[in-house]
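S.K.: The structure follows.
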Amino acid sequence: MKNWGMGMGKGIAGLMALASATMLSGAAWASTVGQPTPGGIGLQEAASPLKHDAHFFHDWILMPIITVITLLVLGLLIWVMIRYNKRANPTPAKWSHNTTVEIIWTLGPVLILAFIAVFSFRLLYAYSDIPDPDVTVKVTGYQWNWGYEYPELGVSEYVSNLLPEDEARAQGVPYLLAADEPMVVPVGQVVRLTVTAADVIHAVALPAFGLKTDAVPGRINETWFRAERTGVYYGQCSELCGVNHAYMPLQINVVTQAEFEQWVASRGGSMTFLADQAAEAAAVEAAAAEAAAATAAAEAAAAEGEAAEVDAAATETATEPPAAAPAAQ
């Protein structure tokens with residue numbers, strides 16, 4: 001029995017080492033940034049701060065805990081089946097409760113969940129605490145495509161559809177992931193997405209940036225990301241939205257700031273759109289104020305002229321001699 005126990009201990013240690021190695025090497029298997037990798041067993045490689053935080057939470061908090069719990073339960077099951085079977089233990093114990101054990105198996109999970117909650121709430125706060133955005137993109141889900149609008153840059157909404165299979169093969173891009181009109185954002189800038197839908201519930205999901213936000217008709221949800229490198233990143237609608245749900249890709253092209261400014265200009269927008277709008281509004285207000293002032297001045301002058309005419313008439317009336325009385329008969 002002692003040798004068996006030592007062997008089981010070595011086996012559990014070996015399984016833990018294998019699980020740890022698998023966990024650590026999972027990201028290395030996902031060698032293609034921004035899209036799924038055939039044979040990959042880990043999370044898709046991170047390309048934004050939020051995704052790095054999610055990787056840490058999964059790889060270093062959840063996976064070790066669940067691995068230890070799984071191996072512990074497996075070890076206990078094996079030990080009980082071998083040590084307390086009818087052959088090894090023909091006379092079973094008569095007791096059925098143990099206060100110490102019951103406290104341990106109640107308090108243990110509570111402490112584990114409290115430990116997980118610390119990191120979980122921190123990650124949730126990072127997702128909800130959106131920094132001051134450099135670019136805002138309004139994303140609208142339709143059946144079955146996406147609409148992108150840059151309201152602060154003057155870029156009107158355009159629709160992004162699935163790239164046809166023949167074009168995808170010709171361009172060497174993944175079919176069912178590539179889009180004909182991708183979203184374009186600058187590298188290293190905070191991008192805020194305001195997400196909604198026009199018909200049914202959709203969901204914006206792009207693994208490399210850690211995006212997963214529902215698009216709900218009549219509601220605006222927000223999320224954000226900051227791309228760490230240029231490239232093409234793929235995602236999909238991840239909420240069952242109808243018969244063509246599988247044909248609703250999400251593609252984000254991350255480019256340099258100069259390339260982004262050129263793209264905005266090509267779409268009829270401007271990097272100073274809001275400032276230009278504010279200056280134009282200020283100019284209109286100033287012109288209106290000038291016109292109002294001129295009108296007020298003209299009215300005041302007219303009023304002064306009328307007052308002067310009235311005063312002049314009154315003075316003339318006062319200076320006329322009184323009429324002579326008629327002679328008595």
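Residues are named by chain letter and number: chains run A, B, ... in the order of the structure tokens, numbers start at 1 in each chain, and ligands are numbered from 1 in the order shown.
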Write out as an mmCIF file with C-alpha atoms, in the first residue's frame the set of residues from range 17-240 of chain A that DSSP, computed on the backbone, places in alpha helix (DSSP H).

M.R.:
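Once written, selection-v2.cif looks like this:
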```
data_model
loop_
_atom_site.group_PDB
_atom_site.id
_atom_site.type_symbol
_atom_site.label_atom_id
_atom_site.label_comp_id
_atom_site.auth_asym_id
_atom_site.auth_seq_id
_atom_site.Cartn_x
_atom_site.Cartn_y
_atom_site.Cartn_z
ATOM 1 C CA ALA A 17 3.512 18.961 -14.768
ATOM 2 C CA LEU A 18 1.846 17.944 -18.030
ATOM 3 C CA ALA A 19 -1.124 20.239 -17.399
ATOM 4 C CA SER A 20 1.188 23.128 -16.537
ATOM 5 C CA ALA A 21 3.280 22.589 -19.657
ATOM 6 C CA THR A 22 0.148 22.413 -21.781
ATOM 7 C CA MET A 23 -1.176 25.593 -20.234
ATOM 8 C CA LEU A 24 2.060 27.494 -20.772
ATOM 9 C CA SER A 25 2.586 26.284 -24.310
ATOM 10 C CA GLY A 26 -0.971 26.884 -25.451
ATOM 11 C CA ALA A 27 -0.274 30.454 -26.502
ATOM 12 C CA ALA A 28 2.788 29.337 -28.440
ATOM 13 C CA TRP A 29 0.652 26.950 -30.487
ATOM 14 C CA PRO A 49 -3.985 45.114 -22.834
ATOM 15 C CA LEU A 50 -7.414 43.742 -21.924
ATOM 16 C CA LYS A 51 -6.669 40.445 -23.636
ATOM 17 C CA HIS A 52 -3.336 40.163 -21.789
ATOM 18 C CA ASP A 53 -5.231 40.610 -18.523
ATOM 19 C CA ALA A 54 -7.722 37.940 -19.592
ATOM 20 C CA HIS A 55 -4.834 35.591 -20.449
ATOM 21 C CA PHE A 56 -3.304 36.113 -17.017
ATOM 22 C CA MET A 63 -6.258 26.905 -14.794
ATOM 23 C CA PRO A 64 -3.992 26.130 -11.804
ATOM 24 C CA ILE A 65 -6.955 26.149 -9.413
ATOM 25 C CA ILE A 66 -9.135 23.894 -11.554
ATOM 26 C CA THR A 67 -6.174 21.595 -12.277
ATOM 27 C CA VAL A 68 -5.401 21.152 -8.579
ATOM 28 C CA ILE A 69 -9.080 20.586 -7.731
ATOM 29 C CA THR A 70 -9.505 18.032 -10.521
ATOM 30 C CA LEU A 71 -6.385 16.096 -9.560
ATOM 31 C CA LEU A 72 -7.262 16.244 -5.858
ATOM 32 C CA VAL A 73 -10.757 14.852 -6.447
ATOM 33 C CA LEU A 74 -9.382 12.201 -8.817
ATOM 34 C CA GLY A 75 -6.748 11.186 -6.266
ATOM 35 C CA LEU A 76 -9.341 10.969 -3.485
ATOM 36 C CA LEU A 77 -11.626 8.818 -5.639
ATOM 37 C CA ILE A 78 -8.832 6.435 -6.543
ATOM 38 C CA TRP A 79 -7.619 6.275 -2.930
ATOM 39 C CA VAL A 80 -11.103 5.572 -1.559
ATOM 40 C CA MET A 81 -11.828 2.918 -4.192
ATOM 41 C CA ILE A 82 -8.598 1.073 -3.430
ATOM 42 C CA ARG A 83 -8.222 1.651 0.311
ATOM 43 C CA THR A 99 -17.596 18.195 11.777
ATOM 44 C CA THR A 100 -13.997 19.099 10.917
ATOM 45 C CA VAL A 101 -14.228 17.639 7.415
ATOM 46 C CA GLU A 102 -17.577 19.346 6.794
ATOM 47 C CA ILE A 103 -16.146 22.722 7.856
ATOM 48 C CA ILE A 104 -13.146 22.226 5.565
ATOM 49 C CA TRP A 105 -15.184 21.303 2.494
ATOM 50 C CA THR A 106 -17.508 24.266 3.114
ATOM 51 C CA LEU A 107 -14.892 26.885 3.966
ATOM 52 C CA GLY A 108 -12.421 25.741 1.292
ATOM 53 C CA PRO A 109 -14.628 26.506 -1.732
ATOM 54 C CA VAL A 110 -15.690 29.820 -0.187
ATOM 55 C CA LEU A 111 -12.061 30.919 0.163
ATOM 56 C CA ILE A 112 -11.261 29.735 -3.357
ATOM 57 C CA LEU A 113 -14.170 31.695 -4.817
ATOM 58 C CA ALA A 114 -13.219 34.791 -2.816
ATOM 59 C CA PHE A 115 -9.657 34.531 -4.159
ATOM 60 C CA ILE A 116 -10.945 34.200 -7.742
ATOM 61 C CA ALA A 117 -13.337 37.131 -7.227
ATOM 62 C CA VAL A 118 -10.463 39.525 -6.496
ATOM 63 C CA PHE A 119 -8.956 39.001 -9.951
ATOM 64 C CA SER A 120 -12.329 38.635 -11.669
ATOM 65 C CA PHE A 121 -13.685 41.964 -10.382
ATOM 66 C CA ARG A 122 -10.413 43.668 -11.259
ATOM 67 C CA LEU A 123 -10.715 42.451 -14.854
ATOM 68 C CA LEU A 124 -14.387 43.450 -15.063
ATOM 69 C CA TYR A 125 -13.501 46.918 -13.827
ATOM 70 C CA ALA A 126 -10.774 47.231 -16.478
ATOM 71 C CA TYR A 127 -13.348 46.442 -19.155
ATOM 72 C CA SER A 128 -15.882 48.962 -17.844
ATOM 73 C CA GLU A 165 -15.321 32.766 -51.215
ATOM 74 C CA ASP A 166 -13.649 33.169 -54.625
ATOM 75 C CA GLU A 167 -12.315 36.607 -53.687
ATOM 76 C CA ALA A 168 -11.118 35.342 -50.305
ATOM 77 C CA ARG A 169 -9.240 32.450 -51.933
ATOM 78 C CA ALA A 170 -7.730 34.789 -54.532
ATOM 79 C CA GLN A 171 -6.541 37.224 -51.835
#
```

S.K.: Find the spatial neighbours of Tyr247 in chain A, counting only C-alpha atoms, within a cut-off of 12 Å - ignore same-chain residues fewer than 4 positions away - and output them as a PyMOL selection string.

M.R.: chain A and resi 142-146+160-165+175-179+235-238+240-243

S.K.: Could you write out the selected residues, including N, CA and C atoms, as a short mmCIF file (atom, residue, chain, number, x, y, z; two decimals), in the first residue's frame?

M.R.:
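The result, stored in again-v2.cif:
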```
data_model
loop_
_atom_site.label_atom_id
_atom_site.label_comp_id
_atom_site.auth_asym_id
_atom_site.auth_seq_id
_atom_site.Cartn_x
_atom_site.Cartn_y
_atom_site.Cartn_z
N TYR A 142 -26.70 44.21 -38.20
CA TYR A 142 -27.86 43.97 -39.06
C TYR A 142 -27.89 42.48 -39.40
N GLN A 143 -29.01 42.04 -39.94
CA GLN A 143 -29.07 40.68 -40.48
C GLN A 143 -28.66 40.75 -41.96
N TRP A 144 -27.45 40.36 -42.36
CA TRP A 144 -26.40 39.76 -41.58
C TRP A 144 -25.10 40.41 -41.99
N ASN A 145 -24.91 41.62 -41.52
CA ASN A 145 -23.68 42.37 -41.77
C ASN A 145 -23.53 43.43 -40.67
N TRP A 146 -22.43 44.13 -40.75
CA TRP A 146 -22.14 45.16 -39.75
C TRP A 146 -22.10 46.53 -40.40
N SER A 160 -20.34 46.47 -43.87
CA SER A 160 -19.30 45.45 -44.06
C SER A 160 -19.96 44.08 -44.22
N ASN A 161 -19.72 43.45 -45.37
CA ASN A 161 -20.29 42.14 -45.66
C ASN A 161 -19.20 41.08 -45.73
N LEU A 162 -19.63 39.84 -45.72
CA LEU A 162 -18.73 38.71 -45.91
C LEU A 162 -18.06 38.80 -47.28
N LEU A 163 -16.74 38.61 -47.32
CA LEU A 163 -16.02 38.56 -48.58
C LEU A 163 -16.36 37.26 -49.29
N PRO A 164 -16.81 37.32 -50.54
CA PRO A 164 -17.15 36.08 -51.25
C PRO A 164 -15.99 35.09 -51.27
N GLU A 165 -16.33 33.80 -51.34
CA GLU A 165 -15.32 32.77 -51.21
C GLU A 165 -14.25 32.85 -52.30
N TYR A 175 -11.66 32.56 -45.59
CA TYR A 175 -13.08 32.66 -45.91
C TYR A 175 -13.92 32.49 -44.64
N LEU A 176 -15.02 33.20 -44.58
CA LEU A 176 -15.94 33.27 -43.44
C LEU A 176 -15.42 34.16 -42.32
N LEU A 177 -14.20 34.67 -42.46
CA LEU A 177 -13.66 35.62 -41.48
C LEU A 177 -13.36 36.98 -42.13
N ALA A 178 -12.98 36.98 -43.39
CA ALA A 178 -12.62 38.21 -44.07
C ALA A 178 -13.87 38.96 -44.52
N ALA A 179 -13.79 40.30 -44.50
CA ALA A 179 -14.91 41.16 -44.87
C ALA A 179 -14.50 42.07 -46.02
N GLY A 235 -12.89 38.43 -36.27
CA GLY A 235 -13.86 37.96 -35.29
C GLY A 235 -15.16 37.63 -36.00
N GLN A 236 -16.20 37.39 -35.24
CA GLN A 236 -17.49 37.04 -35.81
C GLN A 236 -18.60 37.47 -34.87
N CYS A 237 -19.82 37.50 -35.40
CA CYS A 237 -20.97 37.63 -34.53
C CYS A 237 -21.07 36.36 -33.69
N SER A 238 -21.21 36.50 -32.40
CA SER A 238 -21.24 35.32 -31.53
C SER A 238 -22.58 35.16 -30.82
N LEU A 240 -26.47 33.90 -31.78
CA LEU A 240 -27.29 33.31 -32.84
C LEU A 240 -28.34 34.31 -33.30
N CYS A 241 -28.25 34.74 -34.56
CA CYS A 241 -29.07 35.86 -35.03
C CYS A 241 -29.87 35.53 -36.29
N GLY A 242 -29.96 34.27 -36.64
CA GLY A 242 -30.75 33.92 -37.81
C GLY A 242 -30.04 32.94 -38.71
N VAL A 243 -30.62 32.71 -39.88
CA VAL A 243 -30.15 31.65 -40.76
C VAL A 243 -28.73 31.90 -41.27
#
```

S.K.: May I have the residues within 8 Å of range 269-276 of chain A as a short mmCIF file (atom, residue, chain, number, x, y, z; two decimals) with C-alpha atoms, in the first residue's frame, using only C-alpha atoms and disregarding those fewer than 4 positions away in the same chain?

M.R.:
```cif
data_model
loop_
_atom_site.label_atom_id
_atom_site.label_comp_id
_atom_site.auth_asym_id
_atom_site.auth_seq_id
_atom_site.Cartn_x
_atom_site.Cartn_y
_atom_site.Cartn_z
CA GLU A 152 -16.38 62.25 -34.39
CA LEU A 153 -14.46 62.11 -37.67
CA GLY A 154 -17.32 62.75 -40.07
CA VAL A 155 -17.22 59.27 -41.64
CA GLU A 261 -5.66 59.74 -41.51
CA VAL A 264 -10.45 58.93 -43.03
CA ALA A 265 -9.86 61.51 -45.78
CA GLU A 280 -18.50 76.64 -38.05
#
```

S.K.: Rounded to one decimal, what separation in Å do you get between CA of Val187 in chain A and CA of Arg226 in chain A?

M.R.: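 According to the coordinates, CA of Val187 in chain A and CA of Arg226 in chain A are separated by 7.2 Å.
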
S.K.: Please, which residues of range 54-209 of chain A, numbered as in this document, come out strand (DSSP E) from DSSP, as a count of residues only?

M.R.: 36

S.K.: Give the answer as one residue: which of A:Arg219, A:His58, A:His202, A:Arg192 has the shortest atom-to-atom distance to Asp129 in chain A, using only C-alpha atoms?

M.R.: A:Arg192

S.K.: Dump as a Markdown table the rows for residues of range 217-276 of chain A within 8 Å of range 193-197 of chain A: closest atom pair and distance in Å with one decimal, only C-alpha atoms counted, ordered by chain and rising residue number.

M.R.:
```
| residue | atom | partner | partner_atom | distance |
| --- | --- | --- | --- | --- |
| A:Pro217 | CA | A:Ala197 | CA | 4.5 |
| A:Gly218 | CA | A:Thr196 | CA | 7.1 |
| A:Arg219 | CA | A:Thr196 | CA | 6.0 |
| A:Ile220 | CA | A:Thr196 | CA | 5.2 |
| A:Asn221 | CA | A:Val195 | CA | 5.0 |
| A:Glu222 | CA | A:Thr194 | CA | 4.6 |
| A:Thr223 | CA | A:Leu193 | CA | 5.4 |
| A:Trp224 | CA | A:Leu193 | CA | 5.8 |
```

S.K.: Within 8 Å of Arg229 in chain A, counting only C-alpha atoms, which residues qualify if same-chain residues fewer than 4 places away don't, as a PyMOL selection string?

M.R.: chain A and resi 47+187-188+254
